[in-house]
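Asker: Just passing along the structure, written as structure tokens.
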Amino acid sequence: FKVPKDFKFELIYNVPAAQGQWVAHAWDEKGRLIVTGYEAGMDVMHRLTIPKVGEAGEVKVQTLSGTQVGASEGLLSAWGGMYMNVNRSNLLPHGVYKLTDTNNDDIYDKTEVVRNVVASGDHGTHHLRLAPDGNSIFVQSGNSTRPTVFQSYRVSRNWGEDVLTMRIKTGFMDDSYGDNTVEAHVMTFGKDGKNFELFAMGQRNPVGADFNKDGEFFTYDSDMEGDMGNNFYRPTSVYHLVSGGDMGYRLRASKRPRYYIDNLDTVVAIGSGSPTGVFTAQGAKFPARFQDALYAADWSYGNLWSVDIRPDGAGYQAAVAPFVSGRPFAVSGVIVNPADGSLLATTTGTPGSARASISGSSPAWSK
């Protein structure tokens, strides 16, 4: 593994195969880490108590039961419960759910559906993020998620593909639920869970997104490997998700070129890969330049990218550098530990299904 100078990288827990592949993470109201597996059939949640950096002791894992759950890529503790974006399940249809503890026994025992959606596999439902003002939740969906019925729209509804020639088909994800020109999108809902709004659209399959210190929203979007070698190929890229924004992704040759005035260009293009998460390190005990950066996880090539985003007019520009890299380091999710300011990462699909923790420090902090 390669890490920046003065940072320490250590393994804190090796996840048994029986506990699944962890991809969704959230801190509960008591400061414990809640994780869920990815595979259907692994419909179970785990609760982790993690020693602070420098403290003795092992990670304690408790399997939670008492309520129906599903394989999820998105967890969020908010508004008196744990919200879950169910992606694959033998028990529940896809969609957003709220889990609550109704009898105060420290176990979730009630499952409420907030909104069901039609989705599929690892291009279905993804991360959840609480808005900076705490009044709404942002829901991210991949390009195999059919848009729900929205009660309002930030995006112009004139989103047809507008191509004059027949779309070239290759046999790989050609239709993605028919003429779904919305493709991957972000929607929001409030505390009542009833009114869903389309916030932004036109991405391929970004798994995660996060807000920076200015309250601006960013994501790391997937490429389409079947398009490589064509003039309409789009590399993995960081996007600034603005209200009403359309990033212009469409199927195959119907993609809108980056120079089109009615779609948003990238903040920075990175290259081929498999994005599995985006987060900011606010709250981490890192030097300022690392704390203000955006971090983008790439499962395929074992990289956790540090994206230095800087304001540029109404938008942003960025420089990209590797923060942690390894062979293998199939990073599946990252989250800051508010208890000690360290950075925790999980990996999946590597030999032994090893999971790892990243603990970062400046020279002053390490003393």
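A note on labels: chains of the structure tokens are A, B, ... as shown, every chain counts residues from 1, and ligands are counted from 1 in their shown order.
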What's the 6 Å shell around segment 106-122 of chain A, counting only C-alpha atoms, without same-chain residues fewer than 6 positions away, as an MDAnalysis selection string?
Answerer: chainID A and resid 66:67 94:100 144:146 193
Asker: Please report, as a PyMOL selection string, each residue of segment 107-159 of chain A to which DSSP assigns strand (DSSP E) when run on this structure's backbone.
Answerer: chain A and resi 110-116+125-130+136-141+152-153
Asker: So which residues touch Asn230 of chain A within 12 Å, counting only C-alpha atoms, skipping near sequence neighbours fewer than 5 positions away, as an mmCIF file with N, CA, C and O atoms, in the first residue's frame?
Answerer:
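Output contents, as saved in selection.cif:
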data_model
loop_
_atom_site.group_PDB
_atom_site.id
_atom_site.type_symbol
_atom_site.label_atom_id
_atom_site.label_comp_id
_atom_site.auth_asym_id
_atom_site.auth_seq_id
_atom_site.Cartn_x
_atom_site.Cartn_y
_atom_site.Cartn_z
ATOM 1 N N ILE A 168 -26.877 3.163 -32.232
ATOM 2 C CA ILE A 168 -26.045 1.983 -32.469
ATOM 3 C C ILE A 168 -26.140 1.069 -31.252
ATOM 4 O O ILE A 168 -25.925 1.498 -30.126
ATOM 5 N N MET A 224 -18.330 4.009 -19.272
ATOM 6 C CA MET A 224 -19.043 2.903 -19.915
ATOM 7 C C MET A 224 -18.008 2.121 -20.706
ATOM 8 O O MET A 224 -17.586 2.544 -21.784
ATOM 9 N N GLU A 225 -17.538 0.993 -20.116
ATOM 10 C CA GLU A 225 -16.412 0.273 -20.715
ATOM 11 C C GLU A 225 -16.701 -0.204 -22.129
ATOM 12 O O GLU A 225 -15.797 -0.328 -22.957
ATOM 13 N N PRO A 235 -14.746 8.989 -19.808
ATOM 14 C CA PRO A 235 -14.001 8.392 -18.695
ATOM 15 C C PRO A 235 -14.716 8.654 -17.372
ATOM 16 O O PRO A 235 -15.629 9.481 -17.289
ATOM 17 N N ARG A 252 -25.277 4.943 -25.457
ATOM 18 C CA ARG A 252 -24.421 4.782 -26.632
ATOM 19 C C ARG A 252 -24.094 6.103 -27.326
ATOM 20 O O ARG A 252 -23.753 7.088 -26.711
ATOM 21 N N ALA A 253 -24.262 6.136 -28.638
ATOM 22 C CA ALA A 253 -23.852 7.302 -29.418
ATOM 23 C C ALA A 253 -24.768 8.501 -29.221
ATOM 24 O O ALA A 253 -24.511 9.572 -29.773
ATOM 25 N N LYS A 255 -25.089 10.091 -26.480
ATOM 26 C CA LYS A 255 -24.559 10.970 -25.445
ATOM 27 C C LYS A 255 -24.344 12.384 -25.996
ATOM 28 O O LYS A 255 -23.885 12.566 -27.118
#
Asker: Which residue out of A:Lys5, A:His25, A:Lys60, A:His126 has the minimum interatomic distance to Met82 of chain A when only C-alpha atoms are used?
Answerer: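 The shortest atom-to-atom distance to Met82 of chain A comes from A:His25.
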Asker: Which residue gives the smallest distance to Ser306 of chain A among A:Val3, A:Ile261, A:Met201, A:Ile137, with only C-alpha atoms counted?
Answerer: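 Of A:Val3, A:Ile261, A:Met201, A:Ile137, the one nearest Ser306 of chain A is A:Val3, counting only C-alpha atoms.
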Asker: Write out as a VMD selection string which residues come within 10 Å of segment 311-318 of chain A when counting only C-alpha atoms, dropping same-chain ones fewer than 5 positions away.
Answerer: chain A and resid 216 238 to 240 242 264 to 269 293 to 294 306
Asker: Can I get the selected residues back with C-alpha atoms, as a PDB file, in the first residue's frame?
Answerer:
ATOM      1  CA  GLU A 216     -21.977  22.161  -2.918  1.00  0.00           C
ATOM      2  CA  VAL A 238     -16.073  14.140 -11.020  1.00  0.00           C
ATOM      3  CA  TYR A 239     -19.202  16.254 -11.525  1.00  0.00           C
ATOM      4  CA  HIS A 240     -20.604  19.235  -9.682  1.00  0.00           C
ATOM      5  CA  VAL A 242     -26.154  21.603  -9.307  1.00  0.00           C
ATOM      6  CA  LEU A 264     -22.835  20.392 -17.520  1.00  0.00           C
ATOM      7  CA  ASP A 265     -19.201  19.575 -18.204  1.00  0.00           C
ATOM      8  CA  THR A 266     -16.992  17.602 -15.829  1.00  0.00           C
ATOM      9  CA  VAL A 267     -15.050  19.178 -12.986  1.00  0.00           C
ATOM     10  CA  VAL A 268     -12.213  16.767 -13.805  1.00  0.00           C
ATOM     11  CA  ALA A 269     -11.901  13.525 -15.797  1.00  0.00           C
ATOM     12  CA  ALA A 293     -10.347  17.644  -0.473  1.00  0.00           C
ATOM     13  CA  LEU A 294     -12.970  15.442  -2.096  1.00  0.00           C
ATOM     14  CA  SER A 306      -7.710  12.939  -3.502  1.00  0.00           C
TER      15      SER A 306
END
Asker: Excluding Arg204 of chain A and any residue of its chain fewer than 4 positions from it, enumerate the residues within 10 Å of it, using only C-alpha atoms, and give them as a ChimeraX atom specification.
Answerer: /A:123,141-144,182-185,220-224,234,236,247-251
Asker: Considering only C-alpha atoms, return as JSON, numbers by chain whatever protein or nucleic-acid residues lie within 10 Å of segment 46-48 of chain A, sequence-local ones (same chain, fewer than 4 positions apart) excluded.
Answerer: {"A": [19, 22, 25, 26, 27, 28, 31, 32, 33, 34, 35, 36, 37, 59, 60, 61, 62, 63, 64, 65]}
Asker: Could you name the residues that touch Ser136 of chain A at 12 Å or less, counting only C-alpha atoms, but leaving out those on the same chain fewer than 5 positions away, as a ChimeraX atom specification?
Answerer: /A:76,78-79,128-131,187-197,199
Asker: Pull all heavy atoms from the residues just selected and write them as a short mmCIF file (atom, residue, chain, number, x, y, z; two decimals), in the first residue's frame.
Answerer:
data_model
loop_
_atom_site.label_atom_id
_atom_site.label_comp_id
_atom_site.auth_asym_id
_atom_site.auth_seq_id
_atom_site.Cartn_x
_atom_site.Cartn_y
_atom_site.Cartn_z
N LEU A 76 -28.27 5.88 6.13
CA LEU A 76 -28.19 7.23 6.67
C LEU A 76 -29.00 7.30 7.95
O LEU A 76 -30.19 6.97 7.97
CB LEU A 76 -28.75 8.24 5.66
CG LEU A 76 -28.82 9.70 6.15
CD1 LEU A 76 -27.42 10.26 6.35
CD2 LEU A 76 -29.59 10.56 5.15
N ALA A 78 -30.91 9.52 10.39
CA ALA A 78 -31.53 10.85 10.35
C ALA A 78 -32.95 10.77 10.86
O ALA A 78 -33.61 9.73 10.74
CB ALA A 78 -31.52 11.41 8.92
N TRP A 79 -33.41 11.87 11.47
CA TRP A 79 -34.81 12.06 11.81
C TRP A 79 -35.38 10.91 12.64
O TRP A 79 -36.49 10.44 12.43
CB TRP A 79 -35.65 12.26 10.55
CG TRP A 79 -35.16 13.35 9.65
CD1 TRP A 79 -34.41 14.44 10.01
CD2 TRP A 79 -35.37 13.46 8.24
NE1 TRP A 79 -34.15 15.22 8.90
CE2 TRP A 79 -34.72 14.64 7.81
CE3 TRP A 79 -36.03 12.68 7.29
CZ2 TRP A 79 -34.73 15.05 6.49
CZ3 TRP A 79 -36.04 13.09 5.99
CH2 TRP A 79 -35.40 14.27 5.57
N LEU A 128 -27.26 7.60 0.17
CA LEU A 128 -28.15 8.61 0.74
C LEU A 128 -27.30 9.66 1.44
O LEU A 128 -26.32 9.33 2.10
CB LEU A 128 -29.10 7.98 1.76
CG LEU A 128 -29.99 6.83 1.28
CD1 LEU A 128 -30.67 6.16 2.47
CD2 LEU A 128 -31.05 7.34 0.31
N ARG A 129 -27.68 10.93 1.30
CA ARG A 129 -26.97 12.01 1.98
C ARG A 129 -27.98 13.00 2.56
O ARG A 129 -28.95 13.37 1.89
CB ARG A 129 -26.04 12.76 1.01
CG ARG A 129 -24.78 12.00 0.63
CD ARG A 129 -23.79 11.98 1.77
NE ARG A 129 -22.52 11.40 1.37
CZ ARG A 129 -22.18 10.13 1.53
NH1 ARG A 129 -23.05 9.29 2.08
NH2 ARG A 129 -21.01 9.68 1.16
N LEU A 130 -27.72 13.44 3.78
CA LEU A 130 -28.54 14.46 4.41
C LEU A 130 -28.09 15.82 3.92
O LEU A 130 -26.89 16.12 3.89
CB LEU A 130 -28.42 14.38 5.93
CG LEU A 130 -29.34 15.29 6.76
CD1 LEU A 130 -30.80 14.89 6.57
CD2 LEU A 130 -28.95 15.23 8.23
N ALA A 131 -29.05 16.67 3.52
CA ALA A 131 -28.72 18.02 3.06
C ALA A 131 -28.06 18.82 4.17
O ALA A 131 -28.31 18.57 5.35
CB ALA A 131 -29.99 18.72 2.58
N MET A 187 -32.55 12.39 -6.58
CA MET A 187 -33.83 12.92 -6.16
C MET A 187 -33.77 13.26 -4.68
O MET A 187 -32.89 12.77 -3.95
CB MET A 187 -34.95 11.92 -6.45
CG MET A 187 -34.76 10.54 -5.86
SD MET A 187 -36.03 9.38 -6.44
CE MET A 187 -35.49 7.85 -5.68
N THR A 188 -34.69 14.08 -4.22
CA THR A 188 -34.72 14.48 -2.83
C THR A 188 -36.12 14.28 -2.26
O THR A 188 -37.11 14.24 -2.99
CB THR A 188 -34.34 15.96 -2.65
OG1 THR A 188 -35.35 16.80 -3.24
CG2 THR A 188 -33.00 16.27 -3.31
N PHE A 189 -36.18 14.12 -0.93
CA PHE A 189 -37.47 14.09 -0.23
C PHE A 189 -37.29 14.69 1.15
O PHE A 189 -36.19 14.74 1.69
CB PHE A 189 -38.05 12.67 -0.16
CG PHE A 189 -37.27 11.72 0.71
CD1 PHE A 189 -37.58 11.56 2.06
CD2 PHE A 189 -36.24 10.95 0.18
CE1 PHE A 189 -36.87 10.68 2.86
CE2 PHE A 189 -35.53 10.07 0.97
CZ PHE A 189 -35.85 9.93 2.32
N GLY A 190 -38.40 15.16 1.73
CA GLY A 190 -38.37 15.80 3.04
C GLY A 190 -38.78 14.86 4.15
O GLY A 190 -38.94 13.65 3.96
N LYS A 191 -38.97 15.42 5.34
CA LYS A 191 -39.22 14.61 6.53
C LYS A 191 -40.53 13.84 6.46
O LYS A 191 -40.67 12.80 7.11
CB LYS A 191 -39.19 15.50 7.77
CG LYS A 191 -37.82 16.08 8.06
CD LYS A 191 -37.81 16.93 9.32
CE LYS A 191 -36.43 17.49 9.60
NZ LYS A 191 -36.39 18.33 10.83
N ASP A 192 -41.50 14.33 5.67
CA ASP A 192 -42.76 13.59 5.57
C ASP A 192 -42.65 12.38 4.66
O ASP A 192 -43.52 11.50 4.67
CB ASP A 192 -43.90 14.50 5.12
CG ASP A 192 -43.68 15.09 3.72
OD1 ASP A 192 -42.66 14.75 3.07
OD2 ASP A 192 -44.54 15.88 3.29
N GLY A 193 -41.57 12.32 3.85
CA GLY A 193 -41.32 11.17 2.99
C GLY A 193 -42.28 11.04 1.82
O GLY A 193 -42.32 9.99 1.17
N LYS A 194 -43.03 12.08 1.52
CA LYS A 194 -44.07 11.97 0.49
C LYS A 194 -43.71 12.67 -0.82
O LYS A 194 -44.03 12.17 -1.89
CB LYS A 194 -45.39 12.54 1.03
CG LYS A 194 -45.95 11.77 2.22
CD LYS A 194 -47.24 12.40 2.72
CE LYS A 194 -47.80 11.63 3.91
NZ LYS A 194 -49.05 12.25 4.43
N ASN A 195 -43.10 13.80 -0.74
CA ASN A 195 -42.85 14.60 -1.94
C ASN A 195 -41.42 14.39 -2.45
O ASN A 195 -40.46 14.84 -1.82
CB ASN A 195 -43.08 16.08 -1.64
CG ASN A 195 -44.52 16.37 -1.26
OD1 ASN A 195 -45.44 15.96 -1.96
ND2 ASN A 195 -44.72 17.05 -0.14
N PHE A 196 -41.31 13.68 -3.58
CA PHE A 196 -40.02 13.43 -4.20
C PHE A 196 -39.80 14.42 -5.35
O PHE A 196 -40.72 14.67 -6.14
CB PHE A 196 -39.94 12.00 -4.72
CG PHE A 196 -39.51 11.01 -3.67
CD1 PHE A 196 -40.32 10.76 -2.56
CD2 PHE A 196 -38.30 10.36 -3.75
CE1 PHE A 196 -39.93 9.87 -1.58
CE2 PHE A 196 -37.90 9.46 -2.78
CZ PHE A 196 -38.72 9.21 -1.69
N GLU A 197 -38.58 14.96 -5.40
CA GLU A 197 -38.25 15.95 -6.42
C GLU A 197 -37.02 15.49 -7.20
O GLU A 197 -36.03 15.02 -6.61
CB GLU A 197 -37.96 17.30 -5.76
CG GLU A 197 -37.65 18.42 -6.74
CD GLU A 197 -37.51 19.76 -6.04
OE1 GLU A 197 -36.72 19.84 -5.07
OE2 GLU A 197 -38.19 20.71 -6.44
N PHE A 199 -33.76 16.23 -8.70
CA PHE A 199 -32.79 17.30 -8.47
C PHE A 199 -31.82 17.46 -9.64
O PHE A 199 -31.52 18.56 -10.07
CB PHE A 199 -32.02 17.00 -7.19
CG PHE A 199 -30.95 18.01 -6.86
CD1 PHE A 199 -31.27 19.21 -6.26
CD2 PHE A 199 -29.61 17.74 -7.15
CE1 PHE A 199 -30.29 20.15 -5.96
CE2 PHE A 199 -28.62 18.67 -6.86
CZ PHE A 199 -28.96 19.88 -6.26
#
Asker: So the first atom is atom CA of Tyr260 of chain A and the second is atom CA of Thr181 of chain A; what is the distance between them in Å, to one decimal place?
Answerer: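 Taking atom CA of Tyr260 of chain A and atom CA of Thr181 of chain A, their separation equals 16.1 Å.
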Asker: If you measure from atom CA of Gly54 of chain A to atom CA of Ser342 of chain A, what distance in Å do you get, rounded to one decimal?
Answerer: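 Atom CA of Gly54 of chain A sits 10.9 Å away from atom CA of Ser342 of chain A.
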Asker: Calculate how many Å separate atom CA of Val307 of chain A from atom CA of Thr219 of chain A, rounding to one decimal.
Answerer: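 Spanning atom CA of Val307 of chain A to atom CA of Thr219 of chain A is a straight-line distance of 11.2 Å.
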Asker: Quick one: of A:Gly277, A:Ser272, A:Thr165, A:Ile309, who's nearest to Arg289 of chain A, counting only C-alpha atoms?
Answerer: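 So, comparing all the options, the nearest one is A:Ile309.
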Asker: Check the smallest atom-to-atom distance from each of A:Asn337, A:Asn212, A:Thr125, A:Ala56 to Met84 of chain A using only C-alpha atoms, then report the winner.
Answerer: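 Ranking A:Asn337, A:Asn212, A:Thr125, A:Ala56 by distance to Met84 of chain A, first place goes to A:Thr125.
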